[in-house]
Amino acid sequence: MVKRVRSDSGPLSLQKHNHVCVKLGLSIFLVGLAVRLLLWDSFSFSAVVETPPALEEAKADSPVLSSPDLQDSDDFPGNNQSQISKNVAEKCDLFVGDWVPDLSGPLYTNESCHVIEPHQNCLKNGRPDSGYLYWRWSPRDCKLPKFNPKKFLKLMRNKSLSFIGDSISRNQVQSLLCILSKVEPAVEIYHDKEYRSKIWKFRSHNFTLSVVWTPFLVKAAIFEDMNGVTSSEIQLYLDTLDRWTNQYNNFDYVIIGGGKWFLKTAIYHENGTITGCHYCPGRNLTELGFDYAYRKVLQQVFKFFTNSNHKATVLFRTTTPDHFENGEWFSGGYCNRTVPFKEGQIHMIDVDSIMRGIELEEFKKAASLGSQRVNLKLLDTTLLTLLRPDGHPGPYRKFQPFAKDKNAKVQNDCLHWCLPGPIDSWNDIIMQMLDNA
């Protein structure tokens with residue numbers, strides 16, 4: 001039954017009628033506002049989670065990405081980031097978080113940067129997808145600003161920074177060079193015979209950047225070519241640090257790390273005597289294991305830093321997990337995933353867990369000793385890196401590997417990182433750590 005409303009022309013009836021109209025109008029306005037807010041919230045959520053198809057298709061079609069222009073502000077790429085960056089390290093764990101979509105993409109491209117090594121120039125080598133470029137690391141409890149090259153060069157004015165370690169250290173320094181080249185290109189002033197150790201100068205800032213290749217951090221006789229082919233066992237001197245220690249006093253900042261090379265067959269020397277080995281079948285030697293050697297070496301490294309009279313900030317980088325599936329680099333292993341893992345979808349293999357356990361234990365011991373000179377910090381990239389199986393060169397370590405045969409069997413690189421790629425986020429983190437140092 002519908003109740004009819006009688007219309008009267010009197011003043012009281014008119015007042016009642018107006019009151020009803022106001023109520024009706026207000027109700028319509030509130031309902032409309034609620035619907036608008038609901039739709040707006042839904043749109044905002046989908047914009048964060050998904051890449052619009054048109055944008056993704058456009059970026060996947062081109063092997064060269066457009067390079068973002070830097071703003072004049074020292075706080076690029078966001079406003080009021082200075083105060084955030086000063087407090088971010090104290091407020092949260094930078095290494096606990098998620099990889100989140102980032103439609104702005106990397107700060108440089110494979111075309112704008114000229115120091116990318118051929119085997120890490122994935123887009124030029126023909127990698128068909130580019131979605132791996134549009135993610136960045138986001139700590140769970142705070143905001144991590146994107147790397148600010150202008151601010152970083154100001155921070156490093158009249159300073160020296162060195163990356164000490166294996167080819168992963170070289171991979172990271174190339175990422176840093178590419179980012180900084182948006183403000184000032186570096187001038188290479190030294191390289192060794194194999195082009196593994198190098199020194200660059202940013203002359204307008206009097207900033208010296210270097211990479212020292214020393215995969216074991218201790219003295220080693222290595223019989224291996226550039227393709228990883230070995231002609232004899234590595235001879236490893238566990239109680240003798242490598243020559244990087246002679247350069248240490250020249251550095252204001254050091255980022256040091258290693259790990260993977262300890263998995264190789266090696267003969268161990270201590271006190272001038274062979275004490276054992278790792279994986280040396282046919283040799284009448286005690287199998288000590290890679291974990292024995294790695295712990296010994298880290299103890300030597302941390303002892304050197306804590307006993308040194310040189311004042312420096314040292315970031316110790318934890319081991320980098322690889323993402324080979326169905327084999328290793330020498331036995332047909334590959335990595336063809338195109339998106340990051342979520343937390344809980346992958347777990348570290350045993351050797352990586354053992355290495356990281358040793359690293360955390362020995363770092364904790366060294367940090368507990370304290371030092372008036374060295375500022376020792378942990379660059380714990382292991383778990384965040386574990387989540388990025390999509391960022392490796394894979395078969396695209398070589399130029400156009402499938403040009404002649406789409407089914408060709410090629411060697412994959414599932415350890416190092418494409419440039420641009422996930423390793424760029426490591427430099428977001430080190431900028432915050434050094435800024436807070």
# chains A, B, ... in the order shown; residues from 1 in each chain; ligands from 1

$ residues_around --residues "stretch 410-415 of chain A" --least-positions-apart "5" --cutoff "7 Å" --atoms "only C-alpha atoms" --output "list in words"
Asp322, His323, Phe324, Trp329, Gly332, Gly333, Tyr334, Cys335, His392, Pro393, Gly394, Pro395 and Arg397 of chain A

$ write_last_selection --atoms "N, CA, C and O atoms" --output "PDB file, in the first residue's frame"
ATOM      1  N   ASP A 322      70.935 -17.585  -5.718  1.00  0.00           N
ATOM      2  CA  ASP A 322      70.645 -17.653  -7.155  1.00  0.00           C
ATOM      3  C   ASP A 322      69.262 -18.264  -7.351  1.00  0.00           C
ATOM      4  O   ASP A 322      68.605 -18.659  -6.391  1.00  0.00           O
ATOM      5  N   HIS A 323      68.825 -18.326  -8.612  1.00  0.00           N
ATOM      6  CA  HIS A 323      67.488 -18.842  -8.906  1.00  0.00           C
ATOM      7  C   HIS A 323      67.511 -19.863 -10.039  1.00  0.00           C
ATOM      8  O   HIS A 323      66.584 -19.921 -10.862  1.00  0.00           O
ATOM      9  N   PHE A 324      68.544 -20.690 -10.085  1.00  0.00           N
ATOM     10  CA  PHE A 324      68.579 -21.762 -11.079  1.00  0.00           C
ATOM     11  C   PHE A 324      67.499 -22.797 -10.751  1.00  0.00           C
ATOM     12  O   PHE A 324      67.335 -23.189  -9.599  1.00  0.00           O
ATOM     13  N   TRP A 329      74.261 -23.751 -13.390  1.00  0.00           N
ATOM     14  CA  TRP A 329      74.687 -22.985 -14.565  1.00  0.00           C
ATOM     15  C   TRP A 329      75.389 -23.877 -15.585  1.00  0.00           C
ATOM     16  O   TRP A 329      75.319 -23.619 -16.794  1.00  0.00           O
ATOM     17  N   GLY A 332      72.412 -27.086 -17.391  1.00  0.00           N
ATOM     18  CA  GLY A 332      71.113 -26.811 -18.004  1.00  0.00           C
ATOM     19  C   GLY A 332      70.118 -26.081 -17.129  1.00  0.00           C
ATOM     20  O   GLY A 332      68.943 -25.934 -17.509  1.00  0.00           O
ATOM     21  N   GLY A 333      70.534 -25.586 -15.965  1.00  0.00           N
ATOM     22  CA  GLY A 333      69.620 -24.821 -15.112  1.00  0.00           C
ATOM     23  C   GLY A 333      69.184 -23.525 -15.783  1.00  0.00           C
ATOM     24  O   GLY A 333      69.933 -22.943 -16.562  1.00  0.00           O
ATOM     25  N   TYR A 334      67.981 -23.098 -15.472  1.00  0.00           N
ATOM     26  CA  TYR A 334      67.447 -21.888 -16.107  1.00  0.00           C
ATOM     27  C   TYR A 334      66.626 -21.074 -15.111  1.00  0.00           C
ATOM     28  O   TYR A 334      66.285 -21.538 -14.014  1.00  0.00           O
ATOM     29  N   CYS A 335      66.294 -19.858 -15.508  1.00  0.00           N
ATOM     30  CA  CYS A 335      65.429 -18.978 -14.701  1.00  0.00           C
ATOM     31  C   CYS A 335      64.566 -18.185 -15.677  1.00  0.00           C
ATOM     32  O   CYS A 335      65.021 -17.207 -16.262  1.00  0.00           O
ATOM     33  N   HIS A 392      67.106 -11.791 -13.479  1.00  0.00           N
ATOM     34  CA  HIS A 392      68.399 -12.269 -13.966  1.00  0.00           C
ATOM     35  C   HIS A 392      68.474 -12.248 -15.493  1.00  0.00           C
ATOM     36  O   HIS A 392      67.441 -12.329 -16.171  1.00  0.00           O
ATOM     37  N   PRO A 393      69.678 -12.225 -16.035  1.00  0.00           N
ATOM     38  CA  PRO A 393      69.812 -12.295 -17.499  1.00  0.00           C
ATOM     39  C   PRO A 393      69.282 -13.589 -18.088  1.00  0.00           C
ATOM     40  O   PRO A 393      68.757 -13.605 -19.204  1.00  0.00           O
ATOM     41  N   GLY A 394      69.422 -14.708 -17.346  1.00  0.00           N
ATOM     42  CA  GLY A 394      68.993 -15.984 -17.909  1.00  0.00           C
ATOM     43  C   GLY A 394      69.764 -16.260 -19.190  1.00  0.00           C
ATOM     44  O   GLY A 394      70.987 -16.093 -19.256  1.00  0.00           O
ATOM     45  N   PRO A 395      69.072 -16.633 -20.270  1.00  0.00           N
ATOM     46  CA  PRO A 395      69.774 -16.891 -21.533  1.00  0.00           C
ATOM     47  C   PRO A 395      70.266 -15.624 -22.214  1.00  0.00           C
ATOM     48  O   PRO A 395      71.101 -15.688 -23.125  1.00  0.00           O
ATOM     49  N   ARG A 397      72.247 -13.444 -21.374  1.00  0.00           N
ATOM     50  CA  ARG A 397      73.608 -13.023 -21.055  1.00  0.00           C
ATOM     51  C   ARG A 397      74.426 -12.885 -22.340  1.00  0.00           C
ATOM     52  O   ARG A 397      75.504 -12.305 -22.339  1.00  0.00           O
TER      53      ARG A 397
END

$ closest_residue --among "A:Asn271, A:Ala186, A:Leu161, A:Asp98" --to "A:Gln247" --atoms "only C-alpha atoms"
A:Leu161

$ residues_around --residues "A:Ser368" --least-positions-apart "6" --cutoff "12 Å" --atoms "only C-alpha atoms" --output "list of chain:residue names"
A:Phe302, A:Thr306, A:Glu361, A:Glu362, A:Asn375, A:Leu376, A:Lys377

$ write_last_selection --atoms "N, CA and C atoms" --output "PDB file, in the first residue's frame"
ATOM      1  N   PHE A 302      86.446  -9.464   9.831  1.00  0.00           N
ATOM      2  CA  PHE A 302      85.902  -8.619  10.895  1.00  0.00           C
ATOM      3  C   PHE A 302      86.971  -8.237  11.915  1.00  0.00           C
ATOM      4  N   THR A 306      87.750  -4.332  12.996  1.00  0.00           N
ATOM      5  CA  THR A 306      87.605  -3.884  14.379  1.00  0.00           C
ATOM      6  C   THR A 306      88.937  -3.504  15.023  1.00  0.00           C
ATOM      7  N   GLU A 361      75.993 -14.678  12.462  1.00  0.00           N
ATOM      8  CA  GLU A 361      76.692 -15.003  13.715  1.00  0.00           C
ATOM      9  C   GLU A 361      77.995 -14.225  13.847  1.00  0.00           C
ATOM     10  N   GLU A 362      78.805 -14.222  12.791  1.00  0.00           N
ATOM     11  CA  GLU A 362      80.106 -13.560  12.863  1.00  0.00           C
ATOM     12  C   GLU A 362      79.968 -12.043  12.876  1.00  0.00           C
ATOM     13  N   ASN A 375      82.609   2.013  11.735  1.00  0.00           N
ATOM     14  CA  ASN A 375      81.156   1.997  11.888  1.00  0.00           C
ATOM     15  C   ASN A 375      80.656   0.822  11.055  1.00  0.00           C
ATOM     16  N   LEU A 376      80.419  -0.316  11.691  1.00  0.00           N
ATOM     17  CA  LEU A 376      80.098  -1.560  11.005  1.00  0.00           C
ATOM     18  C   LEU A 376      78.590  -1.748  10.923  1.00  0.00           C
ATOM     19  N   LYS A 377      78.093  -1.941   9.685  1.00  0.00           N
ATOM     20  CA  LYS A 377      76.656  -2.096   9.471  1.00  0.00           C
ATOM     21  C   LYS A 377      76.385  -3.316   8.598  1.00  0.00           C
TER      22      LYS A 377
END

$ atom_distance --atom1 "atom CA of A:Trp417" --atom2 "atom CA of A:Leu103"
19.8 Å

$ select_by_dssp --residues "stretch 224-414 of chain A" --states "strand (DSSP E)" --output "PDB file with C-alpha atoms, in the first residue's frame"
ATOM      1  CA  ILE A 234      91.779 -23.283  -6.061  1.00  0.00           C
ATOM      2  CA  GLN A 235      94.466 -22.830  -3.425  1.00  0.00           C
ATOM      3  CA  LEU A 236      92.957 -20.824  -0.568  1.00  0.00           C
ATOM      4  CA  TYR A 237      95.007 -19.269   2.237  1.00  0.00           C
ATOM      5  CA  LEU A 238      92.489 -18.876   5.046  1.00  0.00           C
ATOM      6  CA  ASP A 239      94.735 -16.916   7.416  1.00  0.00           C
ATOM      7  CA  THR A 240      96.026 -14.329   4.909  1.00  0.00           C
ATOM      8  CA  LEU A 241      93.730 -11.474   3.867  1.00  0.00           C
ATOM      9  CA  TYR A 253      83.096   3.947   2.923  1.00  0.00           C
ATOM     10  CA  VAL A 254      83.343   0.238   2.121  1.00  0.00           C
ATOM     11  CA  ILE A 255      80.706  -2.223   0.913  1.00  0.00           C
ATOM     12  CA  ILE A 256      82.131  -5.725   1.192  1.00  0.00           C
ATOM     13  CA  GLY A 257      80.687  -9.176   0.525  1.00  0.00           C
ATOM     14  CA  ALA A 266      89.426 -25.635  -3.017  1.00  0.00           C
ATOM     15  CA  ILE A 267      92.495 -26.720  -1.078  1.00  0.00           C
ATOM     16  CA  TYR A 268      92.829 -24.957   2.284  1.00  0.00           C
ATOM     17  CA  HIS A 269      96.107 -23.572   3.646  1.00  0.00           C
ATOM     18  CA  GLU A 270      96.713 -22.333   7.210  1.00  0.00           C
ATOM     19  CA  THR A 273     100.372 -25.999   5.755  1.00  0.00           C
ATOM     20  CA  ILE A 274      97.569 -27.707   3.829  1.00  0.00           C
ATOM     21  CA  THR A 275      94.894 -28.417   6.428  1.00  0.00           C
ATOM     22  CA  GLY A 276      92.091 -29.808   4.294  1.00  0.00           C
ATOM     23  CA  CYS A 277      89.778 -29.031   1.429  1.00  0.00           C
ATOM     24  CA  HIS A 278      86.257 -28.638   0.148  1.00  0.00           C
ATOM     25  CA  ALA A 312      85.481   4.309   8.041  1.00  0.00           C
ATOM     26  CA  THR A 313      81.928   3.114   7.581  1.00  0.00           C
ATOM     27  CA  VAL A 314      81.765  -0.529   6.492  1.00  0.00           C
ATOM     28  CA  LEU A 315      78.632  -2.206   5.125  1.00  0.00           C
ATOM     29  CA  PHE A 316      78.871  -5.989   5.113  1.00  0.00           C
ATOM     30  CA  ARG A 317      76.663  -7.434   2.357  1.00  0.00           C
ATOM     31  CA  VAL A 374      84.910   1.571  12.291  1.00  0.00           C
ATOM     32  CA  ASN A 375      81.156   1.997  11.888  1.00  0.00           C
ATOM     33  CA  LEU A 376      80.098  -1.560  11.005  1.00  0.00           C
ATOM     34  CA  LYS A 377      76.656  -2.096   9.471  1.00  0.00           C
ATOM     35  CA  LEU A 378      74.801  -5.083   8.007  1.00  0.00           C
ATOM     36  CA  LEU A 379      73.573  -4.837   4.410  1.00  0.00           C
TER      37      LEU A 379
END

$ atom_distance --atom1 "atom CA of A:Lys260" --atom2 "atom CA of A:Ile179"
26.3 Å

$ closest_atom_pairs --of "stretch 209-292 of chain A" --to "stretch 141-158 of chain A" --cutoff "12 Å" --atoms "only C-alpha atoms" --output "CSV"
residue,atom,partner,partner_atom,distance
A:Leu209,CA,A:Met156,CA,9.5
A:Asn250,CA,A:Asn158,CA,11.8
A:Phe251,CA,A:Asn158,CA,11.0
A:Asp252,CA,A:Met156,CA,9.2
A:Tyr253,CA,A:Met156,CA,9.4

$ closest_residue --among "A:Gly97, A:Gly289, A:Pro106, A:Gly259" --to "A:Asp424" --atoms "only C-alpha atoms"
A:Pro106

$ select_by_dssp --residues "stretch 82-323 of chain A" --states "alpha helix (DSSP H)" --output "MDAnalysis selection string"
chainID A and resid 82:91 149:155 167:180 290:307

$ residues_around --residues "A:Tyr195" --least-positions-apart "4" --cutoff "10 Å" --atoms "only C-alpha atoms" --output "list of chain:residue names"
A:Tyr190, A:His191, A:Trp213

$ atom_distance --atom1 "atom CA of A:Leu285" --atom2 "atom CA of A:Phe216"
20.8 Å

$ residues_around --residues "A:Tyr396" --least-positions-apart "3" --cutoff "7 Å" --atoms "only C-alpha atoms" --output "list in words"
Cys122, Asn125, Gly126, Arg127, Pro393, Phe399, Gln400 and Pro401 of chain A

$ write_last_selection --atoms "C-alpha atoms" --output "short mmCIF file (atom, residue, chain, number, x, y, z; two decimals), in the first residue's frame"
data_model
loop_
_atom_site.label_atom_id
_atom_site.label_comp_id
_atom_site.auth_asym_id
_atom_site.auth_seq_id
_atom_site.Cartn_x
_atom_site.Cartn_y
_atom_site.Cartn_z
CA CYS A 122 69.34 -7.91 -21.03
CA ASN A 125 70.52 -8.84 -25.83
CA GLY A 126 66.90 -9.48 -26.77
CA ARG A 127 65.00 -10.19 -23.57
CA PRO A 393 69.81 -12.29 -17.50
CA PHE A 399 73.33 -11.23 -27.64
CA GLN A 400 70.20 -12.62 -29.33
CA PRO A 401 70.72 -16.22 -28.13
#

$ closest_residue --among "A:Gly131, A:Pro422, A:Pro340, A:Gly327" --to "A:Gln172" --atoms "only C-alpha atoms"
A:Pro422

$ decode --residues "stretch 246-267 of chain A" --atoms "N, CA, C and O atoms" --output "PDB file, in the first residue's frame"
ATOM      1  N   ASN A 246      95.573  -3.410   1.872  1.00  0.00           N
ATOM      2  CA  ASN A 246      96.571  -2.358   1.661  1.00  0.00           C
ATOM      3  C   ASN A 246      95.943  -1.051   1.195  1.00  0.00           C
ATOM      4  O   ASN A 246      96.550   0.015   1.325  1.00  0.00           O
ATOM      5  N   GLN A 247      94.732  -1.141   0.660  1.00  0.00           N
ATOM      6  CA  GLN A 247      94.044   0.047   0.150  1.00  0.00           C
ATOM      7  C   GLN A 247      93.018   0.604   1.137  1.00  0.00           C
ATOM      8  O   GLN A 247      92.484   1.691   0.928  1.00  0.00           O
ATOM      9  N   TYR A 248      92.720  -0.158   2.167  1.00  0.00           N
ATOM     10  CA  TYR A 248      91.617   0.177   3.071  1.00  0.00           C
ATOM     11  C   TYR A 248      91.715   1.586   3.636  1.00  0.00           C
ATOM     12  O   TYR A 248      90.699   2.294   3.749  1.00  0.00           O
ATOM     13  N   ASN A 249      92.900   2.032   3.981  1.00  0.00           N
ATOM     14  CA  ASN A 249      93.045   3.361   4.583  1.00  0.00           C
ATOM     15  C   ASN A 249      92.692   4.498   3.633  1.00  0.00           C
ATOM     16  O   ASN A 249      92.547   5.651   4.064  1.00  0.00           O
ATOM     17  N   ASN A 250      92.530   4.188   2.346  1.00  0.00           N
ATOM     18  CA  ASN A 250      92.140   5.212   1.374  1.00  0.00           C
ATOM     19  C   ASN A 250      90.629   5.389   1.281  1.00  0.00           C
ATOM     20  O   ASN A 250      90.158   6.310   0.611  1.00  0.00           O
ATOM     21  N   PHE A 251      89.866   4.514   1.934  1.00  0.00           N
ATOM     22  CA  PHE A 251      88.420   4.500   1.769  1.00  0.00           C
ATOM     23  C   PHE A 251      87.704   5.115   2.975  1.00  0.00           C
ATOM     24  O   PHE A 251      88.021   4.810   4.122  1.00  0.00           O
ATOM     25  N   ASP A 252      86.709   5.954   2.682  1.00  0.00           N
ATOM     26  CA  ASP A 252      85.819   6.466   3.728  1.00  0.00           C
ATOM     27  C   ASP A 252      84.650   5.524   3.950  1.00  0.00           C
ATOM     28  O   ASP A 252      84.139   5.404   5.059  1.00  0.00           O
ATOM     29  N   TYR A 253      84.232   4.880   2.867  1.00  0.00           N
ATOM     30  CA  TYR A 253      83.096   3.947   2.923  1.00  0.00           C
ATOM     31  C   TYR A 253      83.474   2.671   2.171  1.00  0.00           C
ATOM     32  O   TYR A 253      84.098   2.722   1.105  1.00  0.00           O
ATOM     33  N   VAL A 254      83.065   1.536   2.736  1.00  0.00           N
ATOM     34  CA  VAL A 254      83.343   0.238   2.121  1.00  0.00           C
ATOM     35  C   VAL A 254      82.060  -0.592   2.123  1.00  0.00           C
ATOM     36  O   VAL A 254      81.339  -0.639   3.125  1.00  0.00           O
ATOM     37  N   ILE A 255      81.785  -1.233   0.994  1.00  0.00           N
ATOM     38  CA  ILE A 255      80.706  -2.223   0.913  1.00  0.00           C
ATOM     39  C   ILE A 255      81.366  -3.526   0.499  1.00  0.00           C
ATOM     40  O   ILE A 255      81.918  -3.637  -0.599  1.00  0.00           O
ATOM     41  N   ILE A 256      81.350  -4.508   1.385  1.00  0.00           N
ATOM     42  CA  ILE A 256      82.131  -5.725   1.192  1.00  0.00           C
ATOM     43  C   ILE A 256      81.236  -6.950   1.303  1.00  0.00           C
ATOM     44  O   ILE A 256      80.296  -6.978   2.109  1.00  0.00           O
ATOM     45  N   GLY A 257      81.494  -7.959   0.465  1.00  0.00           N
ATOM     46  CA  GLY A 257      80.687  -9.176   0.525  1.00  0.00           C
ATOM     47  C   GLY A 257      81.216 -10.233  -0.425  1.00  0.00           C
ATOM     48  O   GLY A 257      82.057  -9.964  -1.288  1.00  0.00           O
ATOM     49  N   GLY A 258      80.734 -11.425  -0.262  1.00  0.00           N
ATOM     50  CA  GLY A 258      81.148 -12.547  -1.108  1.00  0.00           C
ATOM     51  C   GLY A 258      80.263 -13.739  -0.837  1.00  0.00           C
ATOM     52  O   GLY A 258      79.074 -13.595  -0.598  1.00  0.00           O
ATOM     53  N   GLY A 259      80.862 -14.934  -0.846  1.00  0.00           N
ATOM     54  CA  GLY A 259      80.117 -16.129  -0.464  1.00  0.00           C
ATOM     55  C   GLY A 259      80.113 -17.236  -1.498  1.00  0.00           C
ATOM     56  O   GLY A 259      80.535 -18.357  -1.226  1.00  0.00           O
ATOM     57  N   LYS A 260      79.625 -16.965  -2.702  1.00  0.00           N
ATOM     58  CA  LYS A 260      79.396 -18.025  -3.683  1.00  0.00           C
ATOM     59  C   LYS A 260      80.661 -18.772  -4.082  1.00  0.00           C
ATOM     60  O   LYS A 260      80.616 -19.977  -4.364  1.00  0.00           O
ATOM     61  N   TRP A 261      81.798 -18.087  -4.115  1.00  0.00           N
ATOM     62  CA  TRP A 261      83.020 -18.747  -4.549  1.00  0.00           C
ATOM     63  C   TRP A 261      83.466 -19.834  -3.578  1.00  0.00           C
ATOM     64  O   TRP A 261      84.223 -20.730  -3.945  1.00  0.00           O
ATOM     65  N   PHE A 262      83.009 -19.777  -2.355  1.00  0.00           N
ATOM     66  CA  PHE A 262      83.410 -20.778  -1.363  1.00  0.00           C
ATOM     67  C   PHE A 262      82.800 -22.150  -1.643  1.00  0.00           C
ATOM     68  O   PHE A 262      83.190 -23.147  -1.023  1.00  0.00           O
ATOM     69  N   LEU A 263      81.847 -22.211  -2.565  1.00  0.00           N
ATOM     70  CA  LEU A 263      81.233 -23.486  -2.927  1.00  0.00           C
ATOM     71  C   LEU A 263      82.089 -24.257  -3.930  1.00  0.00           C
ATOM     72  O   LEU A 263      81.824 -25.422  -4.209  1.00  0.00           O
ATOM     73  N   LYS A 264      83.093 -23.615  -4.479  1.00  0.00           N
ATOM     74  CA  LYS A 264      83.960 -24.261  -5.461  1.00  0.00           C
ATOM     75  C   LYS A 264      84.969 -25.189  -4.778  1.00  0.00           C
ATOM     76  O   LYS A 264      85.308 -24.999  -3.611  1.00  0.00           O
ATOM     77  N   THR A 265      85.456 -26.151  -5.545  1.00  0.00           N
ATOM     78  CA  THR A 265      86.514 -27.032  -5.047  1.00  0.00           C
ATOM     79  C   THR A 265      87.739 -26.205  -4.673  1.00  0.00           C
ATOM     80  O   THR A 265      88.187 -25.357  -5.457  1.00  0.00           O
ATOM     81  N   ALA A 266      88.269 -26.413  -3.470  1.00  0.00           N
ATOM     82  CA  ALA A 266      89.426 -25.635  -3.017  1.00  0.00           C
ATOM     83  C   ALA A 266      90.254 -26.430  -2.023  1.00  0.00           C
ATOM     84  O   ALA A 266      89.728 -27.242  -1.249  1.00  0.00           O
ATOM     85  N   ILE A 267      91.551 -26.166  -2.047  1.00  0.00           N
ATOM     86  CA  ILE A 267      92.495 -26.720  -1.078  1.00  0.00           C
ATOM     87  C   ILE A 267      92.795 -25.637  -0.057  1.00  0.00           C
ATOM     88  O   ILE A 267      93.106 -24.500  -0.424  1.00  0.00           O
TER      89      ILE A 267
END
